[in-house]
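Trainee: Contents are compact mmCIF, C-alpha atoms and all ligand atoms; file name final.txt:
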```txt
# COMPACT_ATOMS: atom_id res chain seq x y z
CA MET H 1 88.26 105.13 86.24
CA THR H 2 87.83 101.45 87.05
CA VAL H 3 87.52 101.47 90.86
CA VAL H 4 83.97 100.68 92.11
CA LYS H 5 84.50 100.23 95.87
CA CYS H 6 87.12 100.72 98.56
CA ASP H 7 87.55 100.98 102.35
CA VAL H 8 88.66 104.60 102.37
CA ALA H 9 88.29 107.12 99.55
CA ILE H 10 90.59 110.13 99.92
CA ILE H 11 89.76 113.15 97.80
CA GLY H 12 92.71 115.43 96.98
CA ALA H 13 96.32 114.44 96.20
CA GLY H 14 97.97 117.43 97.86
CA ILE H 15 100.36 116.88 100.75
CA ALA H 16 97.56 116.54 103.35
CA GLY H 17 95.62 113.87 101.42
CA LEU H 18 98.71 111.88 100.45
CA THR H 19 100.20 111.99 103.96
CA CYS H 20 96.92 110.68 105.36
CA ALA H 21 96.66 108.07 102.58
CA SER H 22 100.21 106.76 103.04
CA GLN H 23 99.77 106.36 106.82
CA LEU H 24 96.52 104.40 106.36
CA ALA H 25 97.94 102.30 103.51
CA GLN H 26 100.99 101.41 105.63
CA ALA H 27 98.56 100.04 108.24
CA GLY H 28 97.05 97.71 105.61
CA ILE H 29 93.90 99.68 104.80
CA HIS H 30 92.66 99.69 101.19
CA VAL H 31 92.89 103.36 100.25
CA GLU H 32 92.04 104.94 96.92
CA VAL H 33 93.03 108.56 96.24
CA PHE H 34 91.05 110.71 93.77
CA GLU H 35 92.47 113.89 92.29
CA LYS H 36 90.80 116.24 89.83
CA SER H 37 94.01 117.32 88.09
CA ARG H 38 96.63 115.31 86.19
CA GLY H 39 99.25 115.13 88.92
CA THR H 40 100.00 115.18 92.64
CA GLY H 41 100.94 118.22 94.72
CA GLY H 42 97.94 120.58 94.60
CA ARG H 43 99.20 124.01 95.66
CA MET H 44 102.79 122.70 95.75
CA ALA H 45 103.09 123.23 92.00
CA THR H 46 105.94 123.55 89.49
CA LYS H 47 105.54 123.97 85.73
CA ARG H 48 108.42 122.83 83.54
CA SER H 49 109.20 123.66 79.95
CA GLU H 50 112.21 122.22 78.09
CA GLU H 51 114.63 124.71 79.66
CA ALA H 52 112.87 126.31 82.57
CA SER H 53 111.09 125.59 85.85
CA PHE H 54 108.44 127.81 87.46
CA ASP H 55 107.21 127.31 91.03
CA TYR H 56 103.85 129.02 90.92
CA GLY H 57 102.19 127.90 94.19
CA ALA H 58 104.15 127.44 97.44
CA GLN H 59 107.62 128.97 97.05
CA TYR H 60 109.42 127.19 99.88
CA PHE H 61 108.54 125.67 103.21
CA THR H 62 109.85 125.96 106.73
CA VAL H 63 110.02 123.41 109.54
CA ARG H 64 108.89 124.04 113.10
CA HIS H 65 107.36 120.81 114.45
CA PRO H 66 109.68 117.87 115.37
CA THR H 67 107.44 115.34 113.57
CA PHE H 68 107.66 117.32 110.34
CA ALA H 69 111.42 117.77 110.88
CA LYS H 70 111.82 113.98 111.00
CA GLN H 71 109.86 113.52 107.77
CA VAL H 72 111.74 116.34 106.00
CA ALA H 73 115.06 114.72 107.01
CA GLN H 74 113.90 111.47 105.32
CA TRP H 75 112.79 113.33 102.18
CA GLU H 76 116.14 115.11 102.13
CA LEU H 77 117.98 111.77 102.33
CA GLY H 78 115.86 110.46 99.45
CA GLY H 79 116.66 113.57 97.38
CA HIS H 80 113.00 114.70 97.29
CA CYS H 81 113.69 118.04 98.95
CA ALA H 82 116.69 120.22 99.77
CA ALA H 83 117.53 123.37 101.67
CA TRP H 84 117.39 126.52 99.53
CA GLY H 85 120.26 128.84 100.35
CA GLY H 86 118.93 131.71 98.22
CA SER H 87 119.35 135.26 99.43
CA VAL H 88 115.89 136.38 100.61
CA VAL H 89 115.22 140.04 101.40
CA ASP H 90 112.43 142.34 102.54
CA LEU H 91 111.66 145.16 100.08
CA HIS H 92 110.04 148.32 101.48
CA HIS H 93 109.42 150.87 98.68
CA GLY H 94 112.76 150.07 97.02
CA ARG H 95 114.69 149.80 100.34
CA ARG H 96 116.21 146.36 100.75
CA GLN H 97 116.84 144.52 104.00
CA LEU H 98 117.97 140.91 104.57
CA ALA H 99 114.91 138.86 105.63
CA SER H 100 114.90 136.95 108.91
CA LYS H 101 117.37 134.08 108.87
CA GLN H 102 115.58 130.77 108.66
CA LEU H 103 116.11 127.44 106.97
CA ARG H 104 113.98 127.28 103.82
CA PHE H 105 113.33 124.02 101.97
CA VAL H 106 112.05 123.28 98.47
CA GLY H 107 110.94 120.09 96.75
CA GLN H 108 113.34 118.96 94.03
CA PRO H 109 113.22 118.91 91.06
CA GLY H 110 109.82 120.57 91.67
CA MET H 111 107.70 121.53 94.67
CA ASN H 112 105.53 118.41 94.37
CA ALA H 113 108.46 115.96 94.66
CA MET H 114 107.52 114.99 98.23
CA CYS H 115 103.94 114.33 97.15
CA ARG H 116 105.16 112.12 94.33
CA SER H 117 107.26 110.20 96.80
CA LEU H 118 104.28 109.74 99.18
CA ALA H 119 102.15 108.52 96.26
CA GLU H 120 104.62 105.80 95.23
CA GLY H 121 102.97 102.37 95.37
CA MET H 122 99.54 103.86 96.10
CA SER H 123 96.48 103.87 93.90
CA VAL H 124 95.94 107.49 92.81
CA ASN H 125 93.18 108.17 90.28
CA PHE H 126 93.83 111.35 88.29
CA ARG H 127 91.29 113.50 86.39
CA ALA H 128 88.73 112.33 88.95
CA ARG H 129 86.78 115.34 90.22
CA LEU H 130 84.31 114.46 92.96
CA LEU H 131 80.95 116.12 92.34
CA SER H 132 78.77 114.78 95.15
CA LEU H 133 78.63 112.62 98.26
CA GLU H 134 75.55 110.69 99.41
CA ARG H 135 75.13 108.64 102.59
CA ALA H 136 72.84 105.57 102.46
CA ASP H 137 72.81 102.13 104.19
CA GLN H 138 75.85 103.07 106.34
CA ARG H 139 77.93 103.56 103.16
CA TRP H 140 79.17 106.48 101.12
CA TRP H 141 78.20 106.82 97.47
CA LEU H 142 80.48 109.11 95.48
CA THR H 143 79.75 110.54 92.04
CA PHE H 144 82.57 111.90 89.87
CA GLU H 145 82.51 114.32 86.96
CA ASP H 146 82.80 111.49 84.41
CA HIS H 147 79.59 110.00 85.99
CA THR H 148 81.54 107.12 87.60
CA GLN H 149 80.10 106.01 90.94
CA LEU H 150 82.05 104.56 93.85
CA MET H 151 81.03 102.97 97.15
CA ALA H 152 83.28 103.55 100.19
CA ASN H 153 83.09 102.80 103.90
CA MET H 154 84.88 106.00 104.83
CA VAL H 155 85.51 109.29 103.00
CA ILE H 156 88.30 111.76 103.69
CA LEU H 157 88.29 115.18 102.05
CA ALA H 158 91.72 116.83 101.78
CA LEU H 159 90.68 119.97 99.88
CA PRO H 160 90.71 123.73 100.50
CA ALA H 161 87.94 124.58 103.01
CA PRO H 162 85.41 126.17 100.58
CA GLN H 163 85.69 123.19 98.21
CA ALA H 164 85.21 120.73 101.10
CA LEU H 165 82.24 122.74 102.40
CA LYS H 166 80.42 122.49 99.06
CA LEU H 167 80.59 118.70 99.21
CA VAL H 168 79.50 118.32 102.87
CA ALA H 169 76.99 121.19 103.14
CA LYS H 170 74.21 118.80 104.23
CA PHE H 171 76.24 117.24 107.07
CA PRO H 172 76.14 119.88 109.85
CA SER H 173 78.62 118.14 112.19
CA VAL H 174 81.42 119.05 109.77
CA ALA H 175 79.83 121.82 107.67
CA ALA H 176 79.25 124.14 110.65
CA PRO H 177 82.91 124.31 111.78
CA ILE H 178 84.25 124.56 108.19
CA SER H 179 82.04 127.56 107.46
CA SER H 180 84.07 129.67 109.92
CA VAL H 181 87.28 129.20 107.86
CA ARG H 182 88.34 131.96 105.44
CA MET H 183 90.76 131.52 102.54
CA ALA H 184 92.17 134.17 100.20
CA PRO H 185 93.09 134.08 96.49
CA CYS H 186 96.43 134.86 94.83
CA TRP H 187 97.40 135.91 91.32
CA ALA H 188 100.74 134.35 90.30
CA VAL H 189 102.75 135.64 87.33
CA LEU H 190 105.55 133.61 85.72
CA LEU H 191 108.23 135.50 83.78
CA ALA H 192 110.98 134.19 81.51
CA PRO H 193 113.42 137.06 80.72
CA THR H 194 115.47 136.67 77.54
CA ARG H 195 118.51 138.21 79.28
CA THR H 196 119.51 138.11 82.92
CA LEU H 197 117.89 140.68 85.22
CA SER H 198 121.01 140.83 87.46
CA LEU H 199 119.07 141.47 90.67
CA GLU H 200 120.87 141.18 93.97
CA PHE H 201 118.41 138.79 95.57
CA ASP H 202 116.80 135.41 94.87
CA GLY H 203 113.61 136.01 96.80
CA ALA H 204 111.89 139.11 98.17
CA HIS H 205 108.94 139.62 100.49
CA VAL H 206 107.47 142.85 99.14
CA HIS H 207 105.75 145.31 101.46
CA ASN H 208 103.40 148.19 100.55
CA LEU H 209 102.86 147.17 96.93
CA PRO H 210 100.38 144.98 95.05
CA LEU H 211 103.14 142.36 95.09
CA SER H 212 103.77 140.13 98.08
CA TRP H 213 106.59 137.97 96.67
CA ILE H 214 109.27 137.98 93.96
CA GLY H 215 111.28 134.78 93.50
CA ARG H 216 114.01 133.55 91.14
CA ASN H 217 113.15 129.93 90.44
CA ASN H 218 116.50 128.88 88.98
CA SER H 219 118.25 129.77 92.25
CA LYS H 220 116.56 126.75 93.83
CA PRO H 221 118.11 123.27 93.91
CA GLY H 222 117.09 120.88 91.14
CA ARG H 223 115.55 123.56 88.86
CA LEU H 224 116.42 123.89 85.17
CA PRO H 225 119.07 126.57 84.50
CA ALA H 226 117.11 129.20 82.51
CA GLU H 227 116.39 132.32 84.57
CA THR H 228 112.71 132.55 85.53
CA TRP H 229 110.82 134.66 88.08
CA THR H 230 107.57 134.16 89.95
CA LEU H 231 105.54 137.12 91.23
CA HIS H 232 102.70 136.78 93.73
CA ALA H 233 100.14 139.52 94.28
CA THR H 234 98.76 140.38 97.72
CA GLN H 235 95.43 138.87 98.80
CA ASP H 236 93.65 142.24 98.59
CA TRP H 237 94.87 142.98 95.09
CA SER H 238 94.11 139.43 93.90
CA GLN H 239 90.58 139.70 95.28
CA ARG H 240 89.99 143.09 93.62
CA HIS H 241 91.41 141.91 90.27
CA VAL H 242 89.69 138.53 90.11
CA HIS H 243 88.01 139.37 86.78
CA ASP H 244 91.07 140.93 85.08
CA ASN H 245 92.40 139.12 82.04
CA GLU H 246 95.82 137.43 82.11
CA GLU H 247 97.53 140.08 79.99
CA ASP H 248 96.36 142.97 82.20
CA VAL H 249 97.46 141.13 85.31
CA ILE H 250 100.92 140.46 83.85
CA ASN H 251 101.32 144.12 82.81
CA GLN H 252 100.24 145.50 86.19
CA MET H 253 102.41 143.10 88.13
CA VAL H 254 105.49 143.83 86.01
CA VAL H 255 104.99 147.56 86.72
CA ALA H 256 104.81 146.70 90.43
CA PHE H 257 107.99 144.60 90.04
CA GLU H 258 109.77 147.65 88.50
CA GLU H 259 108.56 149.88 91.36
CA ALA H 260 109.75 147.35 93.93
CA ILE H 261 113.31 147.20 92.52
CA GLY H 262 113.48 150.87 91.54
CA HIS H 263 114.27 150.52 87.82
CA SER H 264 112.67 149.43 84.56
CA LEU H 265 112.86 145.92 83.14
CA PRO H 266 113.12 144.58 79.57
CA HIS H 267 110.01 143.09 77.98
CA MET H 268 109.48 139.56 79.28
CA PRO H 269 107.12 136.87 78.04
CA GLY H 270 104.84 135.79 80.88
CA LYS H 271 101.90 133.70 82.02
CA ALA H 272 99.45 134.20 84.87
CA HIS H 273 97.61 131.76 87.12
CA TYR H 274 94.77 132.54 89.53
CA TRP H 275 94.71 130.53 92.79
CA ARG H 276 91.14 130.90 94.06
CA TYR H 277 91.96 129.40 97.48
CA ALA H 278 95.66 130.09 98.04
CA GLN H 279 96.16 130.80 101.73
CA THR H 280 94.21 130.60 104.96
CA LEU H 281 93.07 133.86 106.57
CA SER H 282 91.36 132.29 109.59
CA PRO H 283 92.04 128.62 110.35
CA LEU H 284 89.77 126.05 111.97
CA GLY H 285 91.90 125.89 115.12
CA GLN H 286 92.11 122.09 115.36
CA ASP H 287 94.16 119.49 113.48
CA PHE H 288 91.29 117.86 111.54
CA LEU H 289 87.56 117.04 111.63
CA PHE H 290 86.23 113.52 112.02
CA ASP H 291 82.66 112.34 112.52
CA PRO H 292 82.80 108.65 113.56
CA ALA H 293 79.07 108.08 113.04
CA LEU H 294 79.34 109.30 109.45
CA GLN H 295 82.85 107.85 108.88
CA LEU H 296 83.78 111.22 107.39
CA GLY H 297 87.15 112.92 107.90
CA ILE H 298 88.45 116.29 106.73
CA CYS H 299 92.04 117.55 106.68
CA GLY H 300 94.13 120.26 105.01
CA ASP H 301 96.46 123.15 105.81
CA TRP H 302 93.52 125.39 106.81
CA CYS H 303 92.68 123.18 109.82
CA ARG H 304 95.86 124.34 111.60
CA GLY H 305 97.22 127.29 109.61
CA LYS H 306 98.43 128.18 106.12
CA ARG H 307 101.63 126.30 105.43
CA VAL H 308 102.88 123.08 103.86
CA GLU H 309 103.84 121.93 107.37
CA ASP H 310 100.25 122.49 108.59
CA ALA H 311 98.88 120.39 105.72
CA PHE H 312 101.29 117.54 106.49
CA LEU H 313 100.52 117.60 110.23
CA SER H 314 96.77 117.75 109.61
CA GLY H 315 96.78 114.72 107.25
CA ARG H 316 99.00 112.77 109.63
CA ALA H 317 96.95 113.57 112.73
CA LEU H 318 93.72 112.48 111.01
CA ALA H 319 95.25 109.15 109.93
CA ARG H 320 96.55 108.48 113.44
CA ALA H 321 93.17 109.27 115.00
CA ILE H 322 91.49 106.82 112.59
CA LEU H 323 94.07 104.10 113.31
CA GLU H 324 93.72 104.55 117.07
CA ARG H 325 89.95 103.95 116.98
C1 LIG Y 1 100.45 131.17 95.78
C2 LIG Y 1 100.72 130.31 96.98
C3 LIG Y 1 101.85 130.55 97.76
C4 LIG Y 1 102.14 129.76 98.87
N1 LIG Y 1 103.30 129.95 99.57
C5 LIG Y 1 103.63 129.09 100.56
C6 LIG Y 1 104.91 129.17 101.18
O1 LIG Y 1 105.77 129.95 100.77
N2 LIG Y 1 105.17 128.31 102.21
C7 LIG Y 1 104.26 127.37 102.64
O2 LIG Y 1 104.57 126.59 103.57
N3 LIG Y 1 103.05 127.28 102.05
C8 LIG Y 1 102.71 128.10 101.03
N4 LIG Y 1 101.51 127.98 100.40
C9 LIG Y 1 100.50 127.08 100.97
C10 LIG Y 1 100.77 125.60 100.64
O3 LIG Y 1 100.89 125.44 99.26
C11 LIG Y 1 99.60 124.81 101.22
O4 LIG Y 1 99.55 125.01 102.63
C12 LIG Y 1 99.66 123.29 100.98
O5 LIG Y 1 100.17 122.97 99.71
C13 LIG Y 1 98.23 122.75 101.15
O6 LIG Y 1 98.19 121.36 100.95
P1 LIG Y 1 96.79 120.60 101.02
O7 LIG Y 1 97.07 119.16 100.73
O8 LIG Y 1 96.11 120.95 102.30
O9 LIG Y 1 95.86 121.23 99.86
P2 LIG Y 1 96.07 121.32 98.29
O10 LIG Y 1 97.50 121.37 97.95
O11 LIG Y 1 95.21 122.44 97.83
O12 LIG Y 1 95.48 119.94 97.74
C14 LIG Y 1 94.11 119.75 97.47
C15 LIG Y 1 93.97 118.88 96.21
O13 LIG Y 1 92.59 118.57 96.03
C16 LIG Y 1 92.29 118.60 94.65
N5 LIG Y 1 90.84 118.80 94.51
C17 LIG Y 1 90.11 119.91 94.79
N6 LIG Y 1 88.78 119.68 94.60
C18 LIG Y 1 88.67 118.39 94.18
C19 LIG Y 1 87.56 117.56 93.83
N7 LIG Y 1 86.29 118.00 93.87
N8 LIG Y 1 87.80 116.27 93.44
C20 LIG Y 1 89.09 115.80 93.38
N9 LIG Y 1 90.18 116.54 93.72
C21 LIG Y 1 89.97 117.82 94.12
C22 LIG Y 1 93.14 119.75 94.12
O14 LIG Y 1 93.35 119.65 92.73
C23 LIG Y 1 94.42 119.58 94.94
O15 LIG Y 1 95.36 118.76 94.27
C24 LIG Y 1 101.23 128.73 99.25
C25 LIG Y 1 100.11 128.47 98.45
C26 LIG Y 1 99.86 129.24 97.31
C27 LIG Y 1 98.69 128.91 96.43
```
Show the structure stored in the file as structure tokens.
Ligand SMILES: Cc1cc2nc3c(=O)[nH]c(=O)nc-3n(C[C@H](O)[C@H](O)[C@H](O)COP(=O)(O)OP(=O)(O)OC[C@H]3O[C@@H](n4cnc5c(N)ncnc54)[C@H](O)[C@@H]3O)c2cc1C
Mentor:
Amino acid sequence: MTVVKCDVAIIGAGIAGLTCASQLAQAGIHVEVFEKSRGTGGRMATKRSEEASFDYGAQYFTVRHPTFAKQVAQWELGGHCAAWGGSVVDLHHGRRQLASKQLRFVGQPGMNAMCRSLAEGMSVNFRARLLSLERADQRWWLTFEDHTQLMANMVILALPAPQALKLVAKFPSVAAPISSVRMAPCWAVLLAPTRTLSLEFDGAHVHNLPLSWIGRNNSKPGRLPAETWTLHATQDWSQRHVHDNEEDVINQMVVAFEEAIGHSLPHMPGKAHYWRYAQTLSPLGQDFLFDPALQLGICGDWCRGKRVEDAFLSGRALARAILER
């Protein structure tokens, strides 16, 4: 990492951080984004092999707020997202019912496509995990995992609440409100059957089982053609099975998949991923946090709720509040 100072350092290249960053950059502010992983998107995540795509974080997103609707329309025009017309059902102990009718969108070719579009032309530093934040002489001093140090006038954290809290624990104006937020984990299992499963749905919200979601990735626009399935476990089950190994999780979730559809399945190679902070249980109840004396801002889905739309609106609202000052 070669950056040594900037106006605004934004930590986290998920949709909240990148929305905030792009709004500030458009207003001429020197923004640097720092992301611990190798790519943009955070929990909007798609893995790709040569033939197959797997969405293993957010499965789709919905649109309620007019500001988000306007942005989604632009992304749609640019080909970064598209409506998913898959057949989505509710499964109650093997009984199937069509789920509520609503317009569902997905990023294309993968869930992080909108984040990639937001990041275009911006300076995003990957493999840059922030370890600590110090305040001295009216400036922020940031230390990253590779021991690099950075000086910034303002810092914005766009991370899941518990990860943000760790970094700002000694700043009570923001730490106190964040500590009321609760987030839950989620085990995700990715399956690649060698022959088609011939199920009569593309997505299912599962009730009364360890599973909460079953989704056929290749039914979504822009995905590679090979049939692949994503399973999500419920929050409770994920919490109770945090220490299970990958193989046990895959086996138990495939059994739950069979129970949900009412018949057995062929052996399928699979992988599992544990999301420690997947979804908000109790949100902050305001769009963002900003302490003007500290020049410290915090945004993310958990400020408003638990969805992609909440993350976008939180990042945007924080940027606008900063620009209006
Ligand atoms: C399993 C699962 C299913 C979901 N299903 C849906 C759904 O169907 N519909 C829906 O609307 N939403 C869904 N969501 C929620 C949705 O994904 C989130 O609301 C949204 O992606 C949050 O965006 P964000 O920018 O706030 O945070 P994130 O996407 O979490 O971005 C935070 C970023 O910060 C980075 N980071 C963390 N710590 C550091 C550090 N110390 N230094 C540098 N970088 C760091 C992370 O790597 C990450 O890229 C789901 C999420 C999961 C996990």
Trainee: Rounded to one decimal in Å, what is the spacing between atom N8 of ligand LIG 1 (chain Y) and CA of Glu145 in chain H?
Mentor: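 Straight-line distance from atom N8 of ligand LIG 1 (chain Y) to CA of Glu145 in chain H works out to 8.6 Å.
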Trainee: Taking only residues of chain H that have an atom at most 7 Å from an atom of ligand LIG 1 (chain Y), what is each one's shortest atom pair and its distance in Å to one decimal, using all atoms listed in the file, in chain and number order, as a Markdown table?
Mentor:
```
| residue | atom | partner | partner_atom | distance |
| --- | --- | --- | --- | --- |
| H:Ile11 | CA | Y:LIG1 | C20 | 5.2 |
| H:Gly12 | CA | Y:LIG1 | O13 | 3.3 |
| H:Ala13 | CA | Y:LIG1 | O15 | 4.8 |
| H:Gly14 | CA | Y:LIG1 | O7 | 3.5 |
| H:Ile15 | CA | Y:LIG1 | O7 | 4.0 |
| H:Ala16 | CA | Y:LIG1 | O7 | 3.7 |
| H:Gly17 | CA | Y:LIG1 | O7 | 5.5 |
| H:Phe34 | CA | Y:LIG1 | C20 | 5.5 |
| H:Glu35 | CA | Y:LIG1 | N9 | 3.8 |
| H:Lys36 | CA | Y:LIG1 | N9 | 4.0 |
| H:Ser37 | CA | Y:LIG1 | O14 | 5.2 |
| H:Thr40 | CA | Y:LIG1 | O15 | 6.1 |
| H:Gly41 | CA | Y:LIG1 | O15 | 5.6 |
| H:Gly42 | CA | Y:LIG1 | O15 | 3.2 |
| H:Arg43 | CA | Y:LIG1 | O10 | 3.9 |
| H:Met44 | CA | Y:LIG1 | O5 | 4.8 |
| H:Tyr56 | CA | Y:LIG1 | C1 | 6.3 |
| H:Gly57 | CA | Y:LIG1 | C2 | 4.0 |
| H:Ala58 | CA | Y:LIG1 | C4 | 3.4 |
| H:Gln59 | CA | Y:LIG1 | O1 | 4.3 |
| H:Tyr60 | CA | Y:LIG1 | O1 | 4.7 |
| H:Phe61 | CA | Y:LIG1 | O2 | 4.1 |
| H:Thr62 | CA | Y:LIG1 | O2 | 6.2 |
| H:Ala128 | CA | Y:LIG1 | C20 | 5.6 |
| H:Arg129 | CA | Y:LIG1 | N8 | 3.5 |
| H:Leu130 | CA | Y:LIG1 | N8 | 4.0 |
| H:Leu131 | CA | Y:LIG1 | N7 | 5.9 |
| H:Ala158 | CA | Y:LIG1 | C14 | 5.7 |
| H:Leu159 | CA | Y:LIG1 | C14 | 4.2 |
| H:Pro160 | CA | Y:LIG1 | O11 | 5.4 |
| H:Gln163 | CA | Y:LIG1 | N6 | 5.9 |
| H:Cys186 | CA | Y:LIG1 | C1 | 5.5 |
| H:Ala188 | CA | Y:LIG1 | C1 | 6.3 |
| H:His232 | CA | Y:LIG1 | C1 | 6.4 |
| H:Trp275 | CA | Y:LIG1 | C27 | 5.6 |
| H:Tyr277 | CA | Y:LIG1 | C27 | 6.8 |
| H:Ala278 | CA | Y:LIG1 | C27 | 3.6 |
| H:Gln279 | CA | Y:LIG1 | C25 | 5.6 |
| H:Cys299 | CA | Y:LIG1 | O8 | 6.9 |
| H:Gly300 | CA | Y:LIG1 | O8 | 3.4 |
| H:Asp301 | CA | Y:LIG1 | O8 | 4.2 |
| H:Trp302 | CA | Y:LIG1 | O8 | 6.8 |
| H:Lys306 | CA | Y:LIG1 | O4 | 4.8 |
| H:Arg307 | CA | Y:LIG1 | O2 | 3.5 |
| H:Val308 | CA | Y:LIG1 | O2 | 3.9 |
| H:Glu309 | CA | Y:LIG1 | O2 | 6.1 |
| H:Asp310 | CA | Y:LIG1 | O4 | 6.5 |
| H:Ala311 | CA | Y:LIG1 | O8 | 4.4 |
```
Trainee: With C-alpha atoms retained, could you export that selection as a PDB file, keeping the file's coordinate frame?
Mentor:
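Output saved as part_31.pdb:
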```pdb
ATOM      1  CA  ILE H  11      89.760 113.150  97.800  1.00  0.00           C
ATOM      2  CA  GLY H  12      92.710 115.430  96.980  1.00  0.00           C
ATOM      3  CA  ALA H  13      96.320 114.440  96.200  1.00  0.00           C
ATOM      4  CA  GLY H  14      97.970 117.430  97.860  1.00  0.00           C
ATOM      5  CA  ILE H  15     100.360 116.880 100.750  1.00  0.00           C
ATOM      6  CA  ALA H  16      97.560 116.540 103.350  1.00  0.00           C
ATOM      7  CA  GLY H  17      95.620 113.870 101.420  1.00  0.00           C
ATOM      8  CA  PHE H  34      91.050 110.710  93.770  1.00  0.00           C
ATOM      9  CA  GLU H  35      92.470 113.890  92.290  1.00  0.00           C
ATOM     10  CA  LYS H  36      90.800 116.240  89.830  1.00  0.00           C
ATOM     11  CA  SER H  37      94.010 117.320  88.090  1.00  0.00           C
ATOM     12  CA  THR H  40     100.000 115.180  92.640  1.00  0.00           C
ATOM     13  CA  GLY H  41     100.940 118.220  94.720  1.00  0.00           C
ATOM     14  CA  GLY H  42      97.940 120.580  94.600  1.00  0.00           C
ATOM     15  CA  ARG H  43      99.200 124.010  95.660  1.00  0.00           C
ATOM     16  CA  MET H  44     102.790 122.700  95.750  1.00  0.00           C
ATOM     17  CA  TYR H  56     103.850 129.020  90.920  1.00  0.00           C
ATOM     18  CA  GLY H  57     102.190 127.900  94.190  1.00  0.00           C
ATOM     19  CA  ALA H  58     104.150 127.440  97.440  1.00  0.00           C
ATOM     20  CA  GLN H  59     107.620 128.970  97.050  1.00  0.00           C
ATOM     21  CA  TYR H  60     109.420 127.190  99.880  1.00  0.00           C
ATOM     22  CA  PHE H  61     108.540 125.670 103.210  1.00  0.00           C
ATOM     23  CA  THR H  62     109.850 125.960 106.730  1.00  0.00           C
ATOM     24  CA  ALA H 128      88.730 112.330  88.950  1.00  0.00           C
ATOM     25  CA  ARG H 129      86.780 115.340  90.220  1.00  0.00           C
ATOM     26  CA  LEU H 130      84.310 114.460  92.960  1.00  0.00           C
ATOM     27  CA  LEU H 131      80.950 116.120  92.340  1.00  0.00           C
ATOM     28  CA  ALA H 158      91.720 116.830 101.780  1.00  0.00           C
ATOM     29  CA  LEU H 159      90.680 119.970  99.880  1.00  0.00           C
ATOM     30  CA  PRO H 160      90.710 123.730 100.500  1.00  0.00           C
ATOM     31  CA  GLN H 163      85.690 123.190  98.210  1.00  0.00           C
ATOM     32  CA  CYS H 186      96.430 134.860  94.830  1.00  0.00           C
ATOM     33  CA  ALA H 188     100.740 134.350  90.300  1.00  0.00           C
ATOM     34  CA  HIS H 232     102.700 136.780  93.730  1.00  0.00           C
ATOM     35  CA  TRP H 275      94.710 130.530  92.790  1.00  0.00           C
ATOM     36  CA  TYR H 277      91.960 129.400  97.480  1.00  0.00           C
ATOM     37  CA  ALA H 278      95.660 130.090  98.040  1.00  0.00           C
ATOM     38  CA  GLN H 279      96.160 130.800 101.730  1.00  0.00           C
ATOM     39  CA  CYS H 299      92.040 117.550 106.680  1.00  0.00           C
ATOM     40  CA  GLY H 300      94.130 120.260 105.010  1.00  0.00           C
ATOM     41  CA  ASP H 301      96.460 123.150 105.810  1.00  0.00           C
ATOM     42  CA  TRP H 302      93.520 125.390 106.810  1.00  0.00           C
ATOM     43  CA  LYS H 306      98.430 128.180 106.120  1.00  0.00           C
ATOM     44  CA  ARG H 307     101.630 126.300 105.430  1.00  0.00           C
ATOM     45  CA  VAL H 308     102.880 123.080 103.860  1.00  0.00           C
ATOM     46  CA  GLU H 309     103.840 121.930 107.370  1.00  0.00           C
ATOM     47  CA  ASP H 310     100.250 122.490 108.590  1.00  0.00           C
ATOM     48  CA  ALA H 311      98.880 120.390 105.720  1.00  0.00           C
TER      49      ALA H 311
END
```
Trainee: List as JSON, numbers by chain the protein and nucleic acid residues near range 250-259 of chain H, meaning an atom at most 7 Å away when all atoms listed in the file are counted, but skip any in the same chain fewer than 6 places from it.
Mentor: {"H": [189, 209, 210, 211, 265, 270, 272]}
Trainee: Mind giving me the straight-line distance from CA of Val63 in chain H to CA of Gln102 in chain H in Å, one decimal?
Mentor: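 According to the coordinates, CA of Val63 in chain H and CA of Gln102 in chain H are separated by 9.3 Å.
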Trainee: With distances taken over all atoms listed in the file, which of H:Arg276, H:Leu224, H:Leu231, H:Arg320 is nearest to Ser49 in chain H?
Mentor: H:Leu224
Trainee: Quick one: everything within 8 Å of Cys6 in chain H, counting only C-alpha atoms, minus sequence neighbours fewer than 5 positions away in the same chain. Send it as a PyMOL selection string.
Mentor: chain H and resi 30-32+150-153
Trainee: Would you work out the distance separating CA of Asn125 in chain H from CA of Ile322 in chain H, expressed in Å to one decimal?
Mentor: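 CA of Asn125 in chain H sits 22.4 Å away from CA of Ile322 in chain H.
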Trainee: Using all atoms listed in the file, determine which residues lie at most 9 Å from Gln108 in chain H, disregarding the query and same-chain residues fewer than 6 positions distant; provide the list as a compact mmCIF listing (two decimals) with C-alpha atoms, in the coordinates of the input.
Mentor:
```
# COMPACT_ATOMS: atom_id res chain seq x y z
CA GLY H 79 116.66 113.57 97.38
CA HIS H 80 113.00 114.70 97.29
CA CYS H 81 113.69 118.04 98.95
CA ALA H 82 116.69 120.22 99.77
CA MET H 114 107.52 114.99 98.23
CA LYS H 220 116.56 126.75 93.83
CA PRO H 221 118.11 123.27 93.91
CA GLY H 222 117.09 120.88 91.14
CA ARG H 223 115.55 123.56 88.86
```
Trainee: Can you tell me, as JSON, the centre and edge lengths (Å, one decimal) of the axis-aligned box enclosing all of range 266-269 of chain H's listed atoms after padding each side by 8 Å?
Mentor:
```
{"center_x": 110.1, "center_y": 140.7, "center_z": 78.8, "size_x": 22.0, "size_y": 23.7, "size_z": 17.6}
```
Trainee: If we count all atoms listed in the file, what is near Val174 in chain H at a cut-off of 10 Å, once residues fewer than 4 positions away on the same chain are taken out, given as a list in words?
Mentor: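 Using all atoms listed in the file, the neighbours found are Ala164, Leu165, Val168, Ala169, Lys170, Ile178, Ser179, Leu289, Phe290, Asp291, Leu294, Leu296, Gly297 and Ile298 of chain H.
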